[in-house]
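Novice: Supplied in structure tokens, the structure appears directly below.
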Amino acid sequence: TVRDAVSYDNFKPGMQCTLVSTIWNRTDGEFLMNEDGEALTWENSFTSHRSGGTAVELNFTADGLAGKDIVVFQSIYREGSTEPLMIHADPDDEAQTLHFLQPGIKTKVTDAKTGTNVSFMEETITVSDEIDWWDLIPNRKYTAVGVFIDPATGEKALDAEGNEITAEKEFAALEAEASVSVTFKFKGNFETAKKFVLFEELYYKGSLIAVHADVDDEAQTLYIPKIRTTALVPLT
């Protein structure tokens with residue numbers, strides 16, 4: 001829903017007027033269309049004053065608009081007339097432009113001891129996930145939620161005590177593009193070697209806005225090898 005405030009001046013008081021709104025997709029160079037292939041149009045009636053304003057709410061589906069810019073165009077007609085009293089249709093007017101961001105994240109998992117994506121099999125394993133983000137609104141709070149997946153089953157991975165391996169962190173994005181680190185600690189004294197993949201999700205006010213969930217991403221893959229030793233008796 002987009003709310004737009006429209007002001008006018010030097011109108012004859014008491015006229016019955018209609019405000020007609022359309023939305024121009026500046027990125028694609030076309031109007032937003034309805035299911036019939038016609039430009040989406042909103043009409044709102046009001047009674048004029050010499051100077052004044054009115055507000056309108058435009059409801060539409062934003063599917064496919066990520067990363068694009070749209071501009072609200074508006075005209076005012078006197079009731080029964082096809083000639084507009086006022087037109088505001090400037091595609092470069094920033095005050096009438098709405099930017100649809102396309103937030104994204106990419107991540108890299110690193111063991112605290114080895115500095116790589118290989119961990120020693122031990123009582124407690126600590127790894128960090130460095131999350132790079134882009135296209136976030138600065139000075140807002142976001143929440144990163146991570147979970148390890150077992151690529152062999154596609155299910156959530158379990159630590160040596162049968163617990164899901166998850167972590168989350170709330171942070172304030174001071175810039176549109178930056179990074180944050182999320183720490184995971186879990187029991188790692190497994191009986192067999194393990195391979196896990198870390199999936200991350202980014203939320204804003206409870207709404208999911210970005211996902212990194214590629215089971216084939218080597219940067220997100222954690223290896224926990226099983227080291228075997230054999231004692232040898234020296235020959236005498």
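Following the order of the structure tokens, first chain is A, next is B, and so on, with residues numbered from 1 inside each chain and ligands from 1 in the order they appear.
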List every residue of segment 53-166 of chain A that DSSP, applied to the backbone of this structure, assigns to strand (DSSP E or B), and report them as a ChimeraX atom specification.

Specialist: /A:53-58,69-78,84-88,97-99,104-111,118,124-134,140-150,155-156,158,164,166

Novice: Store the residues of this selection in a file with C-alpha atoms, as an mmCIF file, in the first residue's frame.

Specialist:
data_model
loop_
_atom_site.group_PDB
_atom_site.id
_atom_site.type_symbol
_atom_site.label_atom_id
_atom_site.label_comp_id
_atom_site.auth_asym_id
_atom_site.auth_seq_id
_atom_site.Cartn_x
_atom_site.Cartn_y
_atom_site.Cartn_z
ATOM 1 C CA GLY A 53 -5.178 18.722 -0.574
ATOM 2 C CA THR A 54 -6.346 15.164 -0.445
ATOM 3 C CA ALA A 55 -4.744 11.803 0.244
ATOM 4 C CA VAL A 56 -5.063 8.530 -1.583
ATOM 5 C CA GLU A 57 -4.033 4.965 -0.816
ATOM 6 C CA LEU A 58 -2.898 2.823 -3.732
ATOM 7 C CA ASP A 69 11.673 2.245 -9.205
ATOM 8 C CA ILE A 70 8.057 3.302 -9.623
ATOM 9 C CA VAL A 71 6.589 6.805 -9.898
ATOM 10 C CA VAL A 72 3.041 7.883 -9.038
ATOM 11 C CA PHE A 73 1.318 9.939 -11.750
ATOM 12 C CA GLN A 74 -1.841 11.901 -10.905
ATOM 13 C CA SER A 75 -4.436 14.073 -12.584
ATOM 14 C CA ILE A 76 -7.428 15.993 -11.222
ATOM 15 C CA TYR A 77 -10.658 16.248 -13.264
ATOM 16 C CA ARG A 78 -13.799 18.247 -12.659
ATOM 17 C CA PRO A 84 -7.720 17.652 -16.513
ATOM 18 C CA LEU A 85 -7.526 20.634 -14.190
ATOM 19 C CA MET A 86 -4.075 19.541 -13.059
ATOM 20 C CA ILE A 87 -1.519 16.929 -14.142
ATOM 21 C CA HIS A 88 1.480 15.683 -12.182
ATOM 22 C CA THR A 97 9.247 7.881 -6.607
ATOM 23 C CA LEU A 98 9.243 4.672 -4.613
ATOM 24 C CA HIS A 99 12.384 2.529 -4.682
ATOM 25 C CA GLY A 104 20.573 -10.020 -0.359
ATOM 26 C CA ILE A 105 23.124 -11.888 1.728
ATOM 27 C CA LYS A 106 26.101 -14.131 1.170
ATOM 28 C CA THR A 107 27.924 -15.915 3.944
ATOM 29 C CA LYS A 108 31.104 -17.776 4.861
ATOM 30 C CA VAL A 109 31.515 -20.223 7.724
ATOM 31 C CA THR A 110 34.842 -20.431 9.607
ATOM 32 C CA ASP A 111 35.997 -22.596 12.507
ATOM 33 C CA VAL A 118 37.197 -27.703 8.741
ATOM 34 C CA THR A 124 32.588 -28.204 21.828
ATOM 35 C CA ILE A 125 32.932 -26.793 18.328
ATOM 36 C CA THR A 126 32.755 -23.041 17.774
ATOM 37 C CA VAL A 127 32.290 -21.580 14.307
ATOM 38 C CA SER A 128 31.403 -18.118 13.045
ATOM 39 C CA ASP A 129 29.425 -17.151 9.991
ATOM 40 C CA GLU A 130 30.348 -13.888 8.306
ATOM 41 C CA ILE A 131 27.241 -12.476 6.632
ATOM 42 C CA ASP A 132 27.689 -9.846 3.955
ATOM 43 C CA TRP A 133 24.500 -7.922 3.176
ATOM 44 C CA TRP A 134 23.403 -5.355 0.621
ATOM 45 C CA ARG A 140 17.189 -0.212 11.164
ATOM 46 C CA LYS A 141 17.362 -3.406 13.230
ATOM 47 C CA TYR A 142 17.487 -6.786 11.543
ATOM 48 C CA THR A 143 17.761 -10.388 12.748
ATOM 49 C CA ALA A 144 19.993 -13.041 11.197
ATOM 50 C CA VAL A 145 18.894 -16.643 11.817
ATOM 51 C CA GLY A 146 21.154 -19.542 10.901
ATOM 52 C CA VAL A 147 20.688 -23.313 10.931
ATOM 53 C CA PHE A 148 22.973 -26.133 9.862
ATOM 54 C CA ILE A 149 21.576 -28.634 7.366
ATOM 55 C CA ASP A 150 22.670 -32.213 6.756
ATOM 56 C CA GLU A 155 17.001 -32.104 7.250
ATOM 57 C CA LYS A 156 18.295 -29.908 10.051
ATOM 58 C CA LEU A 158 21.954 -32.430 14.902
ATOM 59 C CA GLU A 164 19.604 -28.706 16.295
ATOM 60 C CA THR A 166 21.094 -22.925 15.279
#

Novice: Write down as number ranges by chain the residues belonging to chain A that are assigned helix (DSSP H, G or I) by DSSP computed on the backbone.

Specialist: A: 94-96, 218-220

Novice: Write to file, as a PDB file, in the first residue's frame, the residues of the selection just made, with N, CA, C and O atoms.

Specialist:
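File produced: part13.pdb:
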ATOM      1  N   GLU A  94      11.555  12.827  -7.646  1.00  0.00           N
ATOM      2  CA  GLU A  94      11.968  11.925  -6.576  1.00  0.00           C
ATOM      3  C   GLU A  94      10.927  11.867  -5.460  1.00  0.00           C
ATOM      4  O   GLU A  94      10.775  10.832  -4.796  1.00  0.00           O
ATOM      5  N   ALA A  95      10.186  12.965  -5.259  1.00  0.00           N
ATOM      6  CA  ALA A  95       9.169  12.975  -4.205  1.00  0.00           C
ATOM      7  C   ALA A  95       8.026  12.013  -4.519  1.00  0.00           C
ATOM      8  O   ALA A  95       7.306  11.591  -3.613  1.00  0.00           O
ATOM      9  N   GLN A  96       7.846  11.677  -5.793  1.00  0.00           N
ATOM     10  CA  GLN A  96       6.785  10.768  -6.211  1.00  0.00           C
ATOM     11  C   GLN A  96       7.308   9.378  -6.533  1.00  0.00           C
ATOM     12  O   GLN A  96       6.566   8.534  -7.034  1.00  0.00           O
ATOM     13  N   GLU A 218      30.219 -24.118  -1.208  1.00  0.00           N
ATOM     14  CA  GLU A 218      31.378 -24.577  -0.450  1.00  0.00           C
ATOM     15  C   GLU A 218      31.723 -23.620   0.689  1.00  0.00           C
ATOM     16  O   GLU A 218      32.203 -24.051   1.741  1.00  0.00           O
ATOM     17  N   ALA A 219      31.463 -22.326   0.500  1.00  0.00           N
ATOM     18  CA  ALA A 219      31.774 -21.354   1.545  1.00  0.00           C
ATOM     19  C   ALA A 219      30.908 -21.554   2.778  1.00  0.00           C
ATOM     20  O   ALA A 219      31.265 -21.105   3.872  1.00  0.00           O
ATOM     21  N   GLN A 220      29.775 -22.228   2.605  1.00  0.00           N
ATOM     22  CA  GLN A 220      28.861 -22.479   3.714  1.00  0.00           C
ATOM     23  C   GLN A 220      28.947 -23.907   4.240  1.00  0.00           C
ATOM     24  O   GLN A 220      28.156 -24.299   5.089  1.00  0.00           O
TER      25      GLN A 220
END

Novice: Using atom CA of Glu191 of chain A and atom CA of Thr221 of chain A as the two end points, give the distance in Å to one decimal.

Specialist: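 Answer for the atom CA of Glu191 of chain A to atom CA of Thr221 of chain A separation: 19.3 Å.
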
Novice: Write out as a PyMOL selection string each polymer residue whose atoms come within 9 Å of Asp214 of chain A, counting only C-alpha atoms; drop sequence neighbours fewer than 6 positions from it.

Specialist: chain A and resi 197-199+220

Novice: What's the 7 Å shell around Thr41 of chain A, counting only C-alpha atoms, without same-chain residues fewer than 6 positions away, as a PyMOL selection string?

Specialist: chain A and resi 20-22

Novice: Write out, as a compact mmCIF listing (two decimals), in the first residue's frame, the residues just selected, with all heavy atoms.

Specialist:
# COMPACT_ATOMS: atom_id res chain seq x y z
N VAL A 20 -7.30 11.02 -10.27
CA VAL A 20 -6.98 9.79 -10.99
C VAL A 20 -5.49 9.50 -10.84
O VAL A 20 -4.64 10.35 -11.17
CB VAL A 20 -7.35 9.88 -12.47
CG1 VAL A 20 -6.98 8.59 -13.20
CG2 VAL A 20 -8.84 10.18 -12.63
N SER A 21 -5.15 8.32 -10.34
CA SER A 21 -3.76 7.95 -10.10
C SER A 21 -3.37 6.73 -10.92
O SER A 21 -4.16 5.79 -11.08
CB SER A 21 -3.53 7.64 -8.61
OG SER A 21 -3.95 8.70 -7.79
N THR A 22 -2.17 6.76 -11.45
CA THR A 22 -1.57 5.61 -12.11
C THR A 22 -0.13 5.47 -11.61
O THR A 22 0.41 6.40 -10.99
CB THR A 22 -1.57 5.76 -13.65
OG1 THR A 22 -0.89 6.98 -13.99
CG2 THR A 22 -2.98 5.77 -14.20

Novice: Interatomic distance between atom CA of Lys195 of chain A and atom CA of Pro151 of chain A?

Specialist: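 Computed distance, atom CA of Lys195 of chain A to atom CA of Pro151 of chain A, equals 7.4 Å.
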
Novice: Calculated over only C-alpha atoms, which of the candidates A:Gly188, A:Val182, A:Leu40, A:Asn34 has the smallest distance to Glu200 of chain A?

Specialist: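 Selected residue with least distance to Glu200 of chain A: A:Val182.
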